[in-house]
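Shown below: upload_35.txt, with compact mmCIF, N, CA and C atoms.
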# COMPACT_ATOMS: atom_id res chain seq x y z
N MET A 399 13.91 16.81 -28.18
CA MET A 399 13.98 15.95 -27.01
C MET A 399 14.51 14.59 -27.47
N GLY A 400 15.61 14.19 -26.87
CA GLY A 400 16.22 12.93 -27.28
C GLY A 400 15.82 11.78 -26.37
N ASN A 401 16.29 10.62 -26.75
CA ASN A 401 16.01 9.42 -25.95
C ASN A 401 16.52 9.55 -24.53
N ASN A 402 17.65 10.22 -24.37
CA ASN A 402 18.23 10.41 -23.04
C ASN A 402 17.28 11.22 -22.15
N ASP A 403 16.69 12.27 -22.70
CA ASP A 403 15.75 13.09 -21.94
C ASP A 403 14.52 12.28 -21.56
N LEU A 404 14.03 11.48 -22.48
CA LEU A 404 12.86 10.66 -22.21
C LEU A 404 13.18 9.64 -21.12
N GLN A 405 14.35 9.04 -21.19
CA GLN A 405 14.75 8.06 -20.18
C GLN A 405 14.85 8.71 -18.80
N LYS A 406 15.42 9.91 -18.73
CA LYS A 406 15.52 10.64 -17.46
C LYS A 406 14.13 10.94 -16.91
N PHE A 407 13.24 11.38 -17.80
CA PHE A 407 11.87 11.68 -17.39
C PHE A 407 11.21 10.44 -16.81
N ILE A 408 11.31 9.34 -17.53
CA ILE A 408 10.67 8.09 -17.08
C ILE A 408 11.23 7.66 -15.73
N GLU A 409 12.54 7.73 -15.56
CA GLU A 409 13.16 7.35 -14.29
C GLU A 409 12.65 8.22 -13.15
N ARG A 410 12.64 9.52 -13.36
CA ARG A 410 12.16 10.43 -12.31
C ARG A 410 10.69 10.19 -12.01
N TYR A 411 9.89 9.99 -13.04
CA TYR A 411 8.46 9.74 -12.87
C TYR A 411 8.24 8.47 -12.05
N LEU A 412 8.93 7.40 -12.39
CA LEU A 412 8.79 6.14 -11.66
C LEU A 412 9.27 6.28 -10.22
N THR A 413 10.31 7.04 -10.00
CA THR A 413 10.79 7.29 -8.64
C THR A 413 9.73 8.00 -7.82
N ILE A 414 9.12 9.01 -8.39
CA ILE A 414 8.07 9.76 -7.69
C ILE A 414 6.87 8.85 -7.41
N GLU A 415 6.47 8.06 -8.40
CA GLU A 415 5.35 7.14 -8.19
C GLU A 415 5.65 6.16 -7.05
N ASN A 416 6.87 5.66 -7.01
CA ASN A 416 7.27 4.74 -5.95
C ASN A 416 7.24 5.44 -4.59
N GLU A 417 7.74 6.65 -4.52
CA GLU A 417 7.73 7.41 -3.27
C GLU A 417 6.31 7.68 -2.80
N LEU A 418 5.42 8.01 -3.73
CA LEU A 418 4.02 8.22 -3.37
C LEU A 418 3.41 6.96 -2.78
N GLN A 419 3.70 5.81 -3.38
CA GLN A 419 3.19 4.54 -2.88
C GLN A 419 3.72 4.26 -1.48
N LEU A 420 5.01 4.53 -1.26
CA LEU A 420 5.60 4.33 0.06
C LEU A 420 4.95 5.23 1.10
N LEU A 421 4.70 6.48 0.73
CA LEU A 421 4.03 7.40 1.65
C LEU A 421 2.61 6.95 1.96
N LYS A 422 1.93 6.44 0.97
CA LYS A 422 0.57 5.92 1.17
C LYS A 422 0.60 4.76 2.17
N GLU A 423 1.57 3.89 2.03
CA GLU A 423 1.71 2.76 2.94
C GLU A 423 2.07 3.24 4.35
N ASP A 424 2.95 4.25 4.43
CA ASP A 424 3.32 4.82 5.74
C ASP A 424 2.09 5.42 6.43
N LYS A 425 1.27 6.10 5.65
CA LYS A 425 0.06 6.71 6.20
C LYS A 425 -0.88 5.63 6.73
N LYS A 426 -1.03 4.56 5.99
CA LYS A 426 -1.88 3.44 6.42
C LYS A 426 -1.34 2.84 7.71
N GLU A 427 -0.04 2.65 7.79
CA GLU A 427 0.59 2.11 8.99
C GLU A 427 0.40 3.05 10.18
N LEU A 428 0.47 4.34 9.96
CA LEU A 428 0.26 5.32 11.02
C LEU A 428 -1.14 5.18 11.62
N PHE A 429 -2.14 5.09 10.77
CA PHE A 429 -3.51 4.92 11.26
C PHE A 429 -3.64 3.59 12.01
N GLU A 430 -3.00 2.56 11.50
CA GLU A 430 -3.04 1.26 12.16
C GLU A 430 -2.39 1.32 13.54
N GLU A 431 -1.27 2.02 13.61
CA GLU A 431 -0.52 2.14 14.86
C GLU A 431 -1.33 2.86 15.95
N TYR A 432 -2.13 3.83 15.55
CA TYR A 432 -2.86 4.65 16.52
C TYR A 432 -4.34 4.30 16.63
N LYS A 433 -4.76 3.19 16.02
CA LYS A 433 -6.18 2.87 16.03
C LYS A 433 -6.70 2.56 17.43
N GLU A 434 -5.82 2.21 18.37
CA GLU A 434 -6.24 1.98 19.75
C GLU A 434 -6.52 3.31 20.46
N ASN A 435 -5.86 4.38 20.01
CA ASN A 435 -6.02 5.69 20.63
C ASN A 435 -7.15 6.50 20.00
N PHE A 436 -7.29 6.36 18.68
CA PHE A 436 -8.27 7.14 17.93
C PHE A 436 -9.00 6.21 16.98
N LYS A 437 -10.30 6.37 16.88
CA LYS A 437 -11.06 5.62 15.89
C LYS A 437 -10.65 6.17 14.51
N PRO A 438 -10.13 5.34 13.61
CA PRO A 438 -9.62 5.84 12.33
C PRO A 438 -10.61 6.69 11.55
N SER A 439 -11.88 6.31 11.53
CA SER A 439 -12.85 7.10 10.76
C SER A 439 -13.02 8.49 11.38
N VAL A 440 -12.91 8.58 12.70
CA VAL A 440 -13.08 9.87 13.37
C VAL A 440 -11.86 10.76 13.13
N ILE A 441 -10.67 10.21 13.23
CA ILE A 441 -9.47 11.03 13.01
C ILE A 441 -9.39 11.47 11.54
N ARG A 442 -9.81 10.60 10.61
CA ARG A 442 -9.83 11.01 9.20
C ARG A 442 -10.79 12.18 8.98
N GLU A 443 -11.97 12.10 9.62
CA GLU A 443 -12.93 13.19 9.50
C GLU A 443 -12.40 14.46 10.14
N ALA A 444 -11.71 14.32 11.28
CA ALA A 444 -11.13 15.50 11.94
C ALA A 444 -10.09 16.16 11.04
N ILE A 445 -9.28 15.35 10.37
CA ILE A 445 -8.27 15.88 9.44
C ILE A 445 -8.96 16.57 8.27
N ARG A 446 -10.01 15.94 7.74
CA ARG A 446 -10.75 16.54 6.63
C ARG A 446 -11.35 17.89 7.05
N GLN A 447 -11.94 17.92 8.24
CA GLN A 447 -12.54 19.15 8.74
C GLN A 447 -11.49 20.24 8.96
N ALA A 448 -10.34 19.87 9.51
CA ALA A 448 -9.28 20.84 9.74
C ALA A 448 -8.79 21.45 8.43
N LYS A 449 -8.64 20.60 7.41
CA LYS A 449 -8.23 21.11 6.09
C LYS A 449 -9.28 22.05 5.52
N LEU A 450 -10.55 21.68 5.67
CA LEU A 450 -11.64 22.52 5.18
C LEU A 450 -11.63 23.87 5.87
N ARG A 451 -11.48 23.86 7.20
CA ARG A 451 -11.48 25.10 7.97
C ARG A 451 -10.32 25.99 7.55
N THR A 452 -9.18 25.38 7.25
CA THR A 452 -8.02 26.15 6.80
C THR A 452 -8.30 26.80 5.45
N ARG A 453 -8.90 26.03 4.53
CA ARG A 453 -9.23 26.57 3.21
C ARG A 453 -10.24 27.71 3.30
N LEU A 454 -11.18 27.61 4.22
CA LEU A 454 -12.23 28.62 4.33
C LEU A 454 -11.71 29.94 4.90
N GLY A 455 -10.67 29.89 5.69
CA GLY A 455 -10.13 31.11 6.27
C GLY A 455 -11.16 31.84 7.11
N ASP A 456 -11.39 33.11 6.81
CA ASP A 456 -12.34 33.92 7.58
C ASP A 456 -13.78 33.43 7.47
N ASP A 457 -14.09 32.71 6.42
CA ASP A 457 -15.45 32.20 6.23
C ASP A 457 -15.80 31.07 7.19
N VAL A 458 -14.83 30.62 7.98
CA VAL A 458 -15.08 29.54 8.93
C VAL A 458 -16.11 29.98 9.98
N VAL A 459 -16.20 31.26 10.24
CA VAL A 459 -17.20 31.77 11.18
C VAL A 459 -18.60 31.47 10.66
N GLN A 460 -18.81 31.73 9.37
CA GLN A 460 -20.12 31.44 8.77
C GLN A 460 -20.39 29.94 8.79
N LEU A 461 -19.37 29.14 8.53
CA LEU A 461 -19.54 27.69 8.59
C LEU A 461 -20.00 27.27 9.98
N ASP A 462 -19.35 27.79 11.01
CA ASP A 462 -19.72 27.44 12.38
C ASP A 462 -21.16 27.83 12.69
N GLU A 463 -21.57 28.99 12.21
CA GLU A 463 -22.94 29.44 12.45
C GLU A 463 -23.94 28.51 11.75
N LEU A 464 -23.64 28.15 10.52
CA LEU A 464 -24.54 27.26 9.78
C LEU A 464 -24.61 25.88 10.42
N VAL A 465 -23.48 25.36 10.84
CA VAL A 465 -23.45 24.04 11.48
C VAL A 465 -24.24 24.08 12.78
N ALA A 466 -24.08 25.13 13.56
CA ALA A 466 -24.82 25.26 14.82
C ALA A 466 -26.31 25.29 14.56
N GLU A 467 -26.72 25.98 13.52
CA GLU A 467 -28.14 26.07 13.18
C GLU A 467 -28.69 24.72 12.69
N LEU A 468 -27.87 23.99 11.94
CA LEU A 468 -28.31 22.71 11.38
C LEU A 468 -28.18 21.54 12.35
N ASP A 469 -27.38 21.72 13.38
CA ASP A 469 -27.08 20.63 14.32
C ASP A 469 -28.37 20.03 14.90
N GLY A 470 -28.48 18.73 14.74
CA GLY A 470 -29.63 18.01 15.26
C GLY A 470 -30.85 18.04 14.38
N LYS A 471 -30.81 18.80 13.30
CA LYS A 471 -31.98 18.92 12.41
C LYS A 471 -31.88 18.00 11.20
N LEU A 472 -30.71 17.47 10.95
CA LEU A 472 -30.50 16.60 9.79
C LEU A 472 -30.19 15.19 10.27
N GLN A 473 -30.57 14.24 9.46
CA GLN A 473 -30.29 12.84 9.82
C GLN A 473 -29.03 12.36 9.21
Is it possible to express this structure as structure tokens?
Amino acid sequence: MGNNDLQKFIERYLTIENELQLLKEDKKELFEEYKENFKPSVIREAIRQAKLRTRLGDDVVQLDELVAELDGKLQ
């Protein structure tokens, strides 16, 4: 691996890091833009829950049953 390869790697890495930062800022701006329509903490939780339900697949039925059973019993 030569200096040229290392330089290319560093450039690409820094480009990706910059793009990630820009996306993070865009995401923050999106929440700011819609905060009048949706409470940010609620929409973040809804997104988290949707991702969880997707990961669980068929097991989401069991999750729903457990949540229904626990609803109102926990503080």
(request) To one decimal in Å, tell me the separation between CA of Ala448 (chain A) and CA of Leu461 (chain A). (result)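 Between CA of Ala448 (chain A) and CA of Leu461 (chain A) the gap works out to 12.4 Å.
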(request) Output as a PyMOL selection string all residues of chain A that backbone DSSP marks as alpha helix (DSSP H). (result) chain A and resi 401-431+438-454+458-468
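Across the model, the gap from atom N of Ala466 (chain A) to atom C of Lys449 (chain A) is 17.1 Å.
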(request) Would you mind reading off the distance between atom C of Val465 (chain A) and CA of Lys437 (chain A), one decimal, in Å? (result)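 One can read the atom C of Val465 (chain A) to CA of Lys437 (chain A) distance as 22.9 Å.
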(message) Between A:Leu420, A:Val458, A:Leu404, A:Leu428, which residue has the minimum interatomic distance to Ile441 (chain A), considering only C-alpha atoms?
(response) A:Leu428
Could you work out an axis-aligned box for region 445-451 of chain A, taking every atom the file lists and adding 8 Å on each side, and report centre and edge lengths in Å to one decimal, as AutoDock Vina command-line options?
--center_x -10.4 --center_y 20.7 --center_z 7.8 --size_x 20.3 --size_y 26.6 --size_z 21.2
